[in-house]
Each structure stands twice: as C-alpha cells, then as structure tokens.
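Colleague: mmCIF, C-alpha atoms, saved as coords-v4.cif, coming up:
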```cif
data_data
loop_
_atom_site.label_atom_id
_atom_site.label_comp_id
_atom_site.auth_asym_id
_atom_site.auth_seq_id
_atom_site.Cartn_x
_atom_site.Cartn_y
_atom_site.Cartn_z
CA MET A 1 -9.65 -14.20 1.18
CA ASN A 2 -7.67 -16.59 -0.98
CA GLY A 3 -10.76 -17.25 -3.09
CA LYS A 4 -10.67 -13.65 -4.24
CA HIS A 5 -6.98 -13.84 -5.11
CA ASN A 6 -7.54 -17.13 -6.93
CA PHE A 7 -10.36 -15.56 -8.94
CA PHE A 8 -8.16 -12.73 -10.21
CA MET A 9 -5.21 -15.03 -10.90
CA ARG A 10 -7.44 -17.38 -12.87
CA ARG A 11 -8.46 -14.43 -15.03
CA ALA A 12 -4.77 -13.60 -15.63
CA ILE A 13 -4.13 -17.23 -16.64
CA GLU A 14 -7.21 -17.17 -18.88
CA LEU A 15 -5.84 -14.03 -20.60
CA ALA A 16 -2.52 -15.79 -21.15
CA GLY A 17 -4.32 -18.55 -23.04
CA GLN A 18 -6.48 -16.07 -24.95
CA GLY A 19 -3.47 -14.10 -26.14
CA MET A 20 -1.80 -17.29 -27.32
CA ASN A 21 -4.92 -18.43 -29.16
CA LEU A 22 -5.30 -15.03 -30.81
CA HIS A 23 -1.65 -15.17 -31.93
CA ALA A 24 -1.09 -11.86 -30.14
CA GLY A 25 2.21 -12.92 -28.62
CA GLY A 26 3.63 -15.13 -25.86
CA PRO A 27 1.44 -16.99 -23.32
CA PHE A 28 1.31 -14.33 -20.62
CA GLY A 29 -1.62 -12.48 -19.02
CA ALA A 30 -2.07 -9.91 -16.24
CA VAL A 31 -4.84 -8.07 -14.42
CA ILE A 32 -4.73 -5.07 -12.11
CA VAL A 33 -7.20 -4.80 -9.24
CA LYS A 34 -8.18 -1.81 -7.14
CA ASP A 35 -10.81 -1.88 -4.37
CA GLY A 36 -11.71 -5.44 -5.29
CA GLU A 37 -12.37 -4.71 -8.97
CA ILE A 38 -10.38 -5.31 -12.12
CA ILE A 39 -9.40 -1.95 -13.58
CA ALA A 40 -7.08 -3.18 -16.35
CA GLU A 41 -6.15 -6.35 -18.19
CA GLY A 42 -3.43 -7.28 -20.63
CA PHE A 43 -1.89 -10.12 -22.57
CA ASN A 44 1.42 -10.24 -24.38
CA GLN A 45 1.28 -8.61 -27.85
CA VAL A 46 4.96 -8.49 -28.79
CA THR A 47 4.85 -10.36 -32.10
CA SER A 48 1.50 -9.06 -33.35
CA THR A 49 2.34 -5.39 -32.73
CA ASN A 50 6.13 -5.51 -33.29
CA ASP A 51 6.58 -3.97 -29.87
CA PRO A 52 9.14 -5.69 -27.63
CA THR A 53 7.75 -3.78 -24.62
CA ALA A 54 4.18 -5.06 -25.12
CA HIS A 55 4.29 -7.53 -22.25
CA ALA A 56 1.07 -8.33 -20.37
CA GLU A 57 2.11 -6.36 -17.27
CA VAL A 58 3.26 -3.28 -19.21
CA ILE A 59 0.00 -3.20 -21.18
CA ALA A 60 -2.07 -3.58 -18.01
CA ILE A 61 -0.03 -0.95 -16.12
CA ARG A 62 -0.39 1.60 -18.94
CA GLU A 63 -4.12 0.93 -19.12
CA ALA A 64 -4.64 1.14 -15.36
CA CYS A 65 -2.68 4.40 -15.09
CA LYS A 66 -4.69 5.88 -17.95
CA LYS A 67 -7.90 4.93 -16.16
CA LEU A 68 -6.74 6.34 -12.83
CA GLY A 69 -5.26 9.49 -14.40
CA SER A 70 -2.05 8.87 -12.49
CA PHE A 71 1.38 7.43 -13.12
CA GLN A 72 1.19 5.68 -9.76
CA LEU A 73 -0.86 2.56 -8.97
CA ASP A 74 -1.60 3.40 -5.34
CA ASP A 75 -3.38 0.57 -3.47
CA CYS A 76 -3.48 -1.62 -6.58
CA VAL A 77 -2.68 -5.32 -6.77
CA ILE A 78 -1.20 -6.95 -9.87
CA TYR A 79 -1.94 -10.58 -10.77
CA THR A 80 0.31 -11.97 -13.49
CA SER A 81 0.43 -15.48 -14.93
CA CYS A 82 4.25 -15.43 -14.78
CA GLU A 83 6.88 -13.81 -12.57
CA PRO A 84 7.59 -10.40 -14.14
CA CYS A 85 10.71 -10.16 -16.32
CA PRO A 86 13.21 -7.42 -15.36
CA MET A 87 11.52 -4.94 -17.71
CA CYS A 88 8.12 -5.53 -16.15
CA LEU A 89 9.60 -5.60 -12.65
CA GLY A 90 11.12 -2.19 -13.35
CA ALA A 91 7.77 -0.94 -14.66
CA ILE A 92 6.10 -2.27 -11.50
CA TYR A 93 8.57 -0.43 -9.27
CA TRP A 94 7.99 2.81 -11.15
CA ALA A 95 4.20 2.33 -10.86
CA ARG A 96 4.41 1.33 -7.18
CA PRO A 97 1.43 -1.01 -6.67
CA GLN A 98 0.82 -2.49 -3.23
CA LYS A 99 1.49 -6.14 -4.04
CA VAL A 100 2.12 -8.59 -6.88
CA PHE A 101 0.87 -12.16 -7.26
CA PHE A 102 2.50 -14.35 -9.91
CA ALA A 103 1.89 -17.97 -11.03
CA CYS A 104 4.75 -19.43 -13.11
CA ASN A 105 8.30 -18.32 -12.31
CA ARG A 106 11.39 -17.33 -14.32
CA GLU A 107 12.57 -20.96 -14.46
CA ASP A 108 9.25 -22.02 -15.96
CA ALA A 109 9.63 -19.23 -18.55
CA ALA A 110 13.14 -20.46 -19.38
CA GLN A 111 11.68 -23.95 -19.91
CA ILE A 112 9.58 -22.60 -22.78
CA ASP A 113 12.54 -20.61 -24.15
CA PHE A 114 11.84 -17.11 -22.89
CA ASP A 115 14.85 -15.03 -21.87
CA ASP A 116 13.68 -13.80 -18.46
CA ARG A 117 16.28 -15.73 -16.50
CA PHE A 118 19.05 -14.74 -18.93
CA ILE A 119 18.14 -11.06 -18.58
CA TYR A 120 18.03 -11.35 -14.77
CA ASN A 121 21.54 -12.81 -14.93
CA GLU A 122 22.75 -10.03 -17.26
CA LEU A 123 21.52 -7.37 -14.85
CA ALA A 124 23.56 -8.92 -12.09
CA VAL A 125 26.89 -9.09 -13.93
CA ASP A 126 29.30 -6.22 -14.24
CA MET A 127 28.50 -3.95 -17.18
CA LYS A 128 31.73 -4.81 -18.99
CA ASN A 129 30.84 -8.50 -19.00
CA ARG A 130 27.38 -8.09 -20.49
CA ARG A 131 26.37 -9.66 -23.78
CA ILE A 132 25.25 -6.26 -25.07
CA GLU A 133 28.06 -3.70 -24.89
CA PHE A 134 27.43 -0.62 -22.72
CA VAL A 135 29.78 2.37 -23.09
CA GLU A 136 29.85 5.63 -21.13
CA LEU A 137 30.14 8.73 -23.32
CA LEU A 138 30.00 12.51 -22.71
CA ARG A 139 28.81 12.24 -19.11
CA GLU A 140 30.26 15.72 -18.48
CA GLU A 141 27.94 17.20 -21.11
CA ALA A 142 24.82 15.52 -19.73
CA ILE A 143 25.34 16.37 -16.06
CA PRO A 144 24.34 20.05 -16.50
CA VAL A 145 20.84 18.98 -17.64
CA PHE A 146 20.47 16.99 -14.41
CA GLN A 147 21.70 19.96 -12.38
CA GLU A 148 19.21 22.23 -14.07
CA TRP A 149 16.42 19.75 -13.25
CA LYS A 150 17.45 19.72 -9.61
CA ASN A 151 17.61 23.52 -9.39
CA ARG A 152 14.33 24.30 -11.12
CA ASP A 153 11.10 24.80 -9.22
CA ASP A 154 8.78 24.70 -12.22
CA VAL A 155 9.29 21.01 -13.13
CA LYS A 156 7.07 18.19 -11.86
CA LYS A 157 9.40 16.03 -9.80
CA TYR A 158 8.46 12.41 -9.14
CA MET B 1 34.68 7.55 -35.35
CA ASN B 2 34.08 9.11 -31.95
CA GLY B 3 32.83 12.29 -33.63
CA LYS B 4 29.87 10.35 -34.94
CA HIS B 5 29.10 8.85 -31.55
CA ASN B 6 29.43 12.26 -29.92
CA PHE B 7 27.02 13.72 -32.46
CA PHE B 8 24.30 11.19 -31.63
CA MET B 9 24.87 11.46 -27.90
CA ARG B 10 24.64 15.23 -28.06
CA ARG B 11 21.26 14.82 -29.74
CA ALA B 12 20.13 12.51 -26.91
CA ILE B 13 21.26 15.11 -24.35
CA GLU B 14 19.50 17.86 -26.31
CA LEU B 15 16.28 15.80 -26.21
CA ALA B 16 16.66 15.42 -22.43
CA GLY B 17 16.69 19.20 -22.09
CA GLN B 18 13.82 19.64 -24.54
CA GLY B 19 11.60 17.19 -22.67
CA MET B 20 12.32 19.00 -19.40
CA ASN B 21 11.56 22.40 -20.95
CA LEU B 22 8.30 21.09 -22.44
CA HIS B 23 7.29 19.70 -19.02
CA ALA B 24 6.93 16.29 -20.64
CA GLY B 25 8.66 14.44 -17.82
CA GLY B 26 12.10 13.82 -16.35
CA PRO B 27 15.34 15.07 -17.98
CA PHE B 28 16.11 12.03 -20.12
CA GLY B 29 16.55 11.63 -23.88
CA ALA B 30 17.45 8.81 -26.26
CA VAL B 31 18.06 8.21 -29.95
CA ILE B 32 18.33 5.00 -31.96
CA VAL B 33 20.67 4.82 -34.93
CA LYS B 34 20.79 2.32 -37.78
CA ASP B 35 23.26 2.48 -40.69
CA GLY B 36 24.50 5.86 -39.46
CA GLU B 37 21.07 7.47 -39.35
CA ILE B 38 18.70 8.31 -36.52
CA ILE B 39 15.57 6.17 -36.93
CA ALA B 40 13.86 7.07 -33.65
CA GLU B 41 14.05 9.58 -30.83
CA GLY B 42 12.41 9.89 -27.43
CA PHE B 43 12.31 11.89 -24.26
CA ASN B 44 10.73 11.01 -20.93
CA GLN B 45 6.95 11.64 -20.87
CA VAL B 46 5.93 9.99 -17.60
CA THR B 47 4.22 12.90 -15.88
CA SER B 48 2.61 14.48 -18.95
CA THR B 49 1.05 11.22 -20.18
CA ASN B 50 0.50 9.47 -16.82
CA ASP B 51 2.47 6.53 -18.13
CA PRO B 52 5.17 5.21 -15.80
CA THR B 53 6.67 3.24 -18.71
CA ALA B 54 7.12 6.31 -20.92
CA HIS B 55 10.87 6.55 -20.44
CA ALA B 56 13.01 7.96 -23.26
CA GLU B 57 14.46 4.57 -24.21
CA VAL B 58 11.08 2.77 -24.19
CA ILE B 59 9.55 5.45 -26.40
CA ALA B 60 12.49 5.34 -28.82
CA ILE B 61 12.50 1.52 -28.91
CA ARG B 62 8.77 1.35 -29.65
CA GLU B 63 9.15 3.96 -32.38
CA ALA B 64 12.18 2.30 -33.96
CA CYS B 65 10.51 -1.14 -33.97
CA LYS B 66 7.41 0.35 -35.57
CA LYS B 67 9.55 1.91 -38.27
CA LEU B 68 11.50 -1.29 -38.90
CA GLY B 69 8.38 -3.49 -38.75
CA SER B 70 10.17 -5.76 -36.32
CA PHE B 71 10.30 -6.39 -32.58
CA GLN B 72 14.07 -6.71 -32.84
CA LEU B 73 16.54 -3.84 -33.27
CA ASP B 74 19.12 -5.74 -35.31
CA ASP B 75 22.32 -3.73 -35.94
CA CYS B 76 20.95 -0.69 -34.12
CA VAL B 77 22.81 1.46 -31.60
CA ILE B 78 21.07 3.25 -28.72
CA TYR B 79 22.38 6.55 -27.35
CA THR B 80 20.78 7.56 -24.06
CA SER B 81 21.52 10.56 -21.86
CA CYS B 82 21.46 8.35 -18.74
CA GLU B 83 22.29 4.73 -17.96
CA PRO B 84 19.06 2.77 -18.57
CA CYS B 85 16.98 1.93 -15.49
CA PRO B 86 16.14 -1.77 -14.98
CA MET B 87 12.89 -1.40 -16.93
CA CYS B 88 14.68 0.14 -19.92
CA LEU B 89 17.55 -2.32 -19.62
CA GLY B 90 15.02 -5.13 -19.81
CA ALA B 91 13.38 -3.51 -22.84
CA ILE B 92 16.83 -3.21 -24.45
CA TYR B 93 17.55 -6.89 -23.91
CA TRP B 94 14.22 -7.88 -25.44
CA ALA B 95 14.90 -5.58 -28.43
CA ARG B 96 18.49 -6.79 -28.80
CA PRO B 97 20.32 -3.78 -30.28
CA GLN B 98 24.03 -4.09 -31.03
CA LYS B 99 25.35 -1.60 -28.50
CA VAL B 100 24.32 1.09 -26.01
CA PHE B 101 26.04 4.39 -25.23
CA PHE B 102 25.00 6.26 -22.09
CA ALA B 103 26.09 9.57 -20.54
CA CYS B 104 25.05 9.98 -16.87
CA ASN B 105 24.95 6.88 -14.68
CA ARG B 106 22.58 5.48 -12.03
CA GLU B 107 24.42 7.34 -9.26
CA ASP B 108 23.91 10.63 -11.10
CA ALA B 109 20.19 9.77 -11.41
CA ALA B 110 20.04 9.07 -7.66
CA GLN B 111 21.60 12.51 -7.06
CA ILE B 112 18.55 14.12 -8.65
CA ASP B 113 16.18 11.80 -6.76
CA PHE B 114 15.32 9.22 -9.38
CA ASP B 115 14.87 5.63 -8.16
CA ASP B 116 17.08 3.82 -10.67
CA ARG B 117 19.68 2.74 -8.11
CA PHE B 118 16.99 1.71 -5.62
CA ILE B 119 15.29 -0.47 -8.24
CA TYR B 120 18.61 -2.05 -9.24
CA ASN B 121 19.12 -2.92 -5.58
CA GLU B 122 15.62 -4.36 -5.26
CA LEU B 123 16.19 -6.64 -8.23
CA ALA B 124 19.26 -8.04 -6.55
CA VAL B 125 17.68 -8.89 -3.19
CA ASP B 126 15.73 -12.05 -2.49
CA MET B 127 12.08 -11.74 -3.42
CA LYS B 128 10.89 -12.06 0.18
CA ASN B 129 12.97 -9.04 1.22
CA ARG B 130 11.67 -6.69 -1.45
CA ARG B 131 9.84 -3.48 -0.63
CA ILE B 132 6.93 -4.56 -2.84
CA GLU B 133 5.54 -7.94 -1.79
CA PHE B 134 5.68 -10.74 -4.39
CA VAL B 135 3.61 -13.88 -3.77
CA GLU B 136 3.42 -17.08 -5.83
CA LEU B 137 -0.12 -18.30 -6.48
CA LEU B 138 -1.71 -21.08 -8.57
CA ARG B 139 1.48 -21.98 -10.43
CA GLU B 140 0.02 -25.45 -11.08
CA GLU B 141 -2.88 -23.90 -12.99
CA ALA B 142 -0.66 -21.68 -15.16
CA ILE B 143 1.89 -24.33 -16.16
CA PRO B 144 -0.47 -26.07 -18.64
CA VAL B 145 -0.66 -22.86 -20.72
CA PHE B 146 3.14 -22.84 -20.95
CA GLN B 147 3.13 -26.51 -21.92
CA GLU B 148 0.57 -25.86 -24.63
CA TRP B 149 2.74 -23.02 -25.97
CA LYS B 150 5.74 -25.33 -26.12
CA ASN B 151 3.81 -28.10 -27.88
CA ARG B 152 2.07 -25.98 -30.49
CA ASP B 153 3.52 -25.45 -33.95
CA ASP B 154 1.17 -22.65 -35.00
CA VAL B 155 2.44 -19.99 -32.55
CA LYS B 156 5.16 -17.47 -33.37
CA LYS B 157 7.98 -18.28 -30.98
CA TYR B 158 10.55 -15.62 -30.20
#
```
Let me see the structure of the file written as structure tokens.

Modeller:
Amino acid sequence: MNGKHNFFMRRAIELAGQGMNLHAGGPFGAVIVKDGEIIAEGFNQVTSTNDPTAHAEVIAIREACKKLGSFQLDDCVIYTSCEPCPMCLGAIYWARPQKVFFACNREDAAQIDFDDRFIYNELAVDMKNRRIEFVELLREEAIPVFQEWKNRDDVKKY
Amino acid sequence: MNGKHNFFMRRAIELAGQGMNLHAGGPFGAVIVKDGEIIAEGFNQVTSTNDPTAHAEVIAIREACKKLGSFQLDDCVIYTSCEPCPMCLGAIYWARPQKVFFACNREDAAQIDFDDRFIYNELAVDMKNRRIEFVELLREEAIPVFQEWKNRDDVKKY
C-alpha cells in the first residue's frame, strides 16, 4: 500500500526538481491521483508566467478538474512535495479531494525563504494587525446581492 | 477620498451581480486599481468553468499581474465585494498589494452557504483534526531539492 503512495510522491518530488531545472518557478511539484492513476500534474510556474497563483497544487487542481469536468475532486488524492501554503490549502478545501500527502513542511519552506509560514501566521492574527491593511467598505450595498443569490432558484449553488 | 474608494467598491459589487446574472458562478466581484485606474476586474466563475480556483480575486490578480508583467502587485489596491476566503487571502499575500477593501464578510458568506468560515476554521485546527486528512510522506527525499534550490545561483528566487 505504501509502495503506491511512495511512487506517486516520488513523481511529485521529481516534478519539483524538473520545474526548478526548467526555471519555471520554485522547487515544488504535485500530482493528483484518481482510481490509482495520475490524472494531473503540476510544478510551480510563478516566475516564468508572472502568475502568483501558479503553484504546483493550483495548476494540478485546475488540470484535474478540467479533465473530470467538475469543480470537485471527488475520491482524488493529492501528492505534493511540500505542505500546501494557505492559498493552496484553500484551493484544496474548495476542490474537496479525499486526502493529501505532503513531503516537506512549512518550516522547511521557510528555511529556503518562502513565505508559507509567514502567511499562515498572518491568517491567524486579527485583521487589524495584519501586514497588509484590510478595510471594510459599503457592506450594506453588497448584502442585497447575497440576498438575491439566496432567494433565486435559477443559480447553481455549490 | 472616500468617494474614490466607494466608486471602485461599487464596481466590484456590480461585477458580483453581473457574474450571478450570467450564471458564471457565485455572487462575488473584484477590481484591482493602480494609480487611480482599474487595471483588472473579475467575477466568480467556478461553476461555469469547472475551476474551483476561479474566484473573483484570483481572476483579477492573474489578470493584473499579466498586465503589469510581474508576479507582484506593487502599489495596487484590491476592492472585493466579500472578505477574501483563505485561498484568495493566500493569493493576495503572494501578490503583495498595498491594501484590500472588502464589503461583505465571512459571516455574510456563511449565511448564503459558502464555506469561507469553515475553511478559516480548518486552517486554525491542528492538522490531525482536519476534515481532510493530511499525511507527511518521504520528507527526507524531498529535502534535497530544497537544498539544491538554496545553493543554486541560477534560479530566480522570490
């Protein structure tokens, strides 16, 4: 059983190295498996595509969902060479796979100067103490759109 | 001063309604402003594109970065019709804009059955108590890739 998991994780680690060697972005790789087969792969492409959201997991999730024709990764397993950052963790929760395996952790990422741990800390502090300023504005004008969404029967709720 | 902020936020709220009416996805809109001008806009497109990462903020961030030719949103301000979910908050931290204005909050999103608050809670609990299982695997095989990244001079660090 573990041999299978090791096989997929080794592929994720291999992708991390490939992305680095191709100068695509940071040293991170991910694969998504369904029914024992890889259905999507990704490596970080932030610097080569000027897309701060182009993390390995996000790329693999978008690809897997495209392949499945669904915005949900039912019964899928994600293997990633590093613990997902908060952005990728959020993406994972929205996609709802069954399980996630990771190799390095957020402390390891901090050791090579990636902000994962810093962002995790920022999420945990009160909004008014964050390093990026967040300000509420015109909530009363936005609420009616939410109410309309709730009251309508012709929208695809998820 | 506030008139300007209100103007941009009203555009974000308008986009939220437009996306809903177009059946693109959930009722969420965002705009990104630099030097007093809108450089990117987005509305949620999750259900229409089968992309769980296609939130208003992510779409606007990707578009703005493309336009600026950079993976950083220096001196930009984001206006979003709802407090960013953890995924979008992570994307915002990676993009590093100056400031974020939001209208509805995570409690309002929960009221119309979106998982933002649930995901915020999941991020805060210990990994072993999460609703999606996270398992460490082969860390010792992934660490050398990180070490190589740190030791190389020919990679674009960020």

Colleague: Would you write out, as a VMD selection string, every residue that the PyMOL selection byres ((chain B) within 6 of (chain A)) captures in this file?

Modeller: chain B and resid 13 50 to 53 62 70 to 71 86 to 87 90 to 91 94 to 95 99 to 104 112 132 to 139 142 150

Colleague: Just to confirm, what's the straight-line distance from CA of Gly42 (chain B) to CA of Phe8 (chain B) in Å (one decimal)?

Modeller: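 Between CA of Gly42 (chain B) and CA of Phe8 (chain B) the gap works out to 12.7 Å.
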
Colleague: Rounded to one decimal place, report the CA of Glu41 (chain A)-CA of Arg11 (chain A) distance in Å.

Modeller: 9.0 Å

Colleague: Quick one: what's the axis-aligned box for region 72-89 of chain A, all listed atoms, 4 Å on every side, centre and edges in Å to one decimal, as AutoDock Vina command-line options?

Modeller:
```
--center_x 4.9 --center_y -4.9 --center_z -10.6 --size_x 24.7 --size_y 29.2 --size_z 22.2
```

Colleague: Have a look at CA of Phe43 (chain B) and CA of Val33 (chain A) and let me know their distance in Å, one decimal.

Modeller: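 Computed distance, CA of Phe43 (chain B) to CA of Val33 (chain A), equals 29.7 Å.
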
Colleague: Can you take the partial region 15-32 of chain A, add N, CA, C and O atoms, and return it as a PDB file, in the frame of the given file?

Modeller:
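The resulting file, out18.pdb, is reproduced below:
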```pdb
ATOM      1  N   LEU A  15      -6.338 -15.016 -19.617  1.00  0.00           N
ATOM      2  CA  LEU A  15      -5.840 -14.030 -20.600  1.00  0.00           C
ATOM      3  C   LEU A  15      -4.579 -14.538 -21.300  1.00  0.00           C
ATOM      4  O   LEU A  15      -4.389 -14.300 -22.497  1.00  0.00           O
ATOM      5  N   ALA A  16      -3.738 -15.227 -20.559  1.00  0.00           N
ATOM      6  CA  ALA A  16      -2.520 -15.790 -21.150  1.00  0.00           C
ATOM      7  C   ALA A  16      -2.886 -16.746 -22.286  1.00  0.00           C
ATOM      8  O   ALA A  16      -2.312 -16.696 -23.386  1.00  0.00           O
ATOM      9  N   GLY A  17      -3.874 -17.608 -22.024  1.00  0.00           N
ATOM     10  CA  GLY A  17      -4.320 -18.550 -23.040  1.00  0.00           C
ATOM     11  C   GLY A  17      -4.993 -17.848 -24.210  1.00  0.00           C
ATOM     12  O   GLY A  17      -4.774 -18.197 -25.373  1.00  0.00           O
ATOM     13  N   GLN A  18      -5.800 -16.838 -23.896  1.00  0.00           N
ATOM     14  CA  GLN A  18      -6.480 -16.070 -24.950  1.00  0.00           C
ATOM     15  C   GLN A  18      -5.488 -15.419 -25.896  1.00  0.00           C
ATOM     16  O   GLN A  18      -5.638 -15.471 -27.115  1.00  0.00           O
ATOM     17  N   GLY A  19      -4.478 -14.768 -25.317  1.00  0.00           N
ATOM     18  CA  GLY A  19      -3.470 -14.100 -26.140  1.00  0.00           C
ATOM     19  C   GLY A  19      -2.757 -15.082 -27.059  1.00  0.00           C
ATOM     20  O   GLY A  19      -2.501 -14.785 -28.225  1.00  0.00           O
ATOM     21  N   MET A  20      -2.457 -16.244 -26.513  1.00  0.00           N
ATOM     22  CA  MET A  20      -1.800 -17.290 -27.320  1.00  0.00           C
ATOM     23  C   MET A  20      -2.718 -17.729 -28.448  1.00  0.00           C
ATOM     24  O   MET A  20      -2.291 -17.809 -29.610  1.00  0.00           O
ATOM     25  N   ASN A  21      -3.980 -17.957 -28.138  1.00  0.00           N
ATOM     26  CA  ASN A  21      -4.920 -18.430 -29.160  1.00  0.00           C
ATOM     27  C   ASN A  21      -5.184 -17.380 -30.236  1.00  0.00           C
ATOM     28  O   ASN A  21      -5.458 -17.715 -31.384  1.00  0.00           O
ATOM     29  N   LEU A  22      -5.097 -16.133 -29.852  1.00  0.00           N
ATOM     30  CA  LEU A  22      -5.300 -15.030 -30.810  1.00  0.00           C
ATOM     31  C   LEU A  22      -4.028 -14.719 -31.596  1.00  0.00           C
ATOM     32  O   LEU A  22      -4.018 -13.801 -32.411  1.00  0.00           O
ATOM     33  N   HIS A  23      -2.943 -15.429 -31.299  1.00  0.00           N
ATOM     34  CA  HIS A  23      -1.650 -15.170 -31.930  1.00  0.00           C
ATOM     35  C   HIS A  23      -1.185 -13.733 -31.684  1.00  0.00           C
ATOM     36  O   HIS A  23      -0.581 -13.097 -32.548  1.00  0.00           O
ATOM     37  N   ALA A  24      -1.499 -13.225 -30.498  1.00  0.00           N
ATOM     38  CA  ALA A  24      -1.090 -11.860 -30.140  1.00  0.00           C
ATOM     39  C   ALA A  24       0.379 -11.822 -29.747  1.00  0.00           C
ATOM     40  O   ALA A  24       1.080 -10.846 -30.029  1.00  0.00           O
ATOM     41  N   GLY A  25       0.828 -12.882 -29.096  1.00  0.00           N
ATOM     42  CA  GLY A  25       2.210 -12.920 -28.620  1.00  0.00           C
ATOM     43  C   GLY A  25       2.391 -14.107 -27.691  1.00  0.00           C
ATOM     44  O   GLY A  25       1.652 -15.087 -27.789  1.00  0.00           O
ATOM     45  N   GLY A  26       3.344 -14.032 -26.787  1.00  0.00           N
ATOM     46  CA  GLY A  26       3.630 -15.130 -25.860  1.00  0.00           C
ATOM     47  C   GLY A  26       2.485 -15.393 -24.885  1.00  0.00           C
ATOM     48  O   GLY A  26       1.581 -14.570 -24.747  1.00  0.00           O
ATOM     49  N   PRO A  27       2.537 -16.541 -24.181  1.00  0.00           N
ATOM     50  CA  PRO A  27       1.440 -16.990 -23.320  1.00  0.00           C
ATOM     51  C   PRO A  27       1.462 -16.355 -21.922  1.00  0.00           C
ATOM     52  O   PRO A  27       1.709 -17.024 -20.927  1.00  0.00           O
ATOM     53  N   PHE A  28       1.221 -15.068 -21.885  1.00  0.00           N
ATOM     54  CA  PHE A  28       1.310 -14.330 -20.620  1.00  0.00           C
ATOM     55  C   PHE A  28       0.115 -13.372 -20.476  1.00  0.00           C
ATOM     56  O   PHE A  28      -0.215 -12.659 -21.430  1.00  0.00           O
ATOM     57  N   GLY A  29      -0.485 -13.367 -19.282  1.00  0.00           N
ATOM     58  CA  GLY A  29      -1.620 -12.480 -19.020  1.00  0.00           C
ATOM     59  C   GLY A  29      -1.475 -11.799 -17.674  1.00  0.00           C
ATOM     60  O   GLY A  29      -0.782 -12.308 -16.785  1.00  0.00           O
ATOM     61  N   ALA A  30      -2.130 -10.643 -17.514  1.00  0.00           N
ATOM     62  CA  ALA A  30      -2.070  -9.910 -16.240  1.00  0.00           C
ATOM     63  C   ALA A  30      -3.345  -9.115 -16.022  1.00  0.00           C
ATOM     64  O   ALA A  30      -3.970  -8.663 -16.995  1.00  0.00           O
ATOM     65  N   VAL A  31      -3.736  -8.968 -14.760  1.00  0.00           N
ATOM     66  CA  VAL A  31      -4.840  -8.070 -14.420  1.00  0.00           C
ATOM     67  C   VAL A  31      -4.415  -7.176 -13.252  1.00  0.00           C
ATOM     68  O   VAL A  31      -3.566  -7.551 -12.444  1.00  0.00           O
ATOM     69  N   ILE A  32      -5.000  -6.001 -13.209  1.00  0.00           N
ATOM     70  CA  ILE A  32      -4.730  -5.070 -12.110  1.00  0.00           C
ATOM     71  C   ILE A  32      -6.036  -4.773 -11.386  1.00  0.00           C
ATOM     72  O   ILE A  32      -7.055  -4.466 -12.028  1.00  0.00           O
TER      73      ILE A  32
END
```
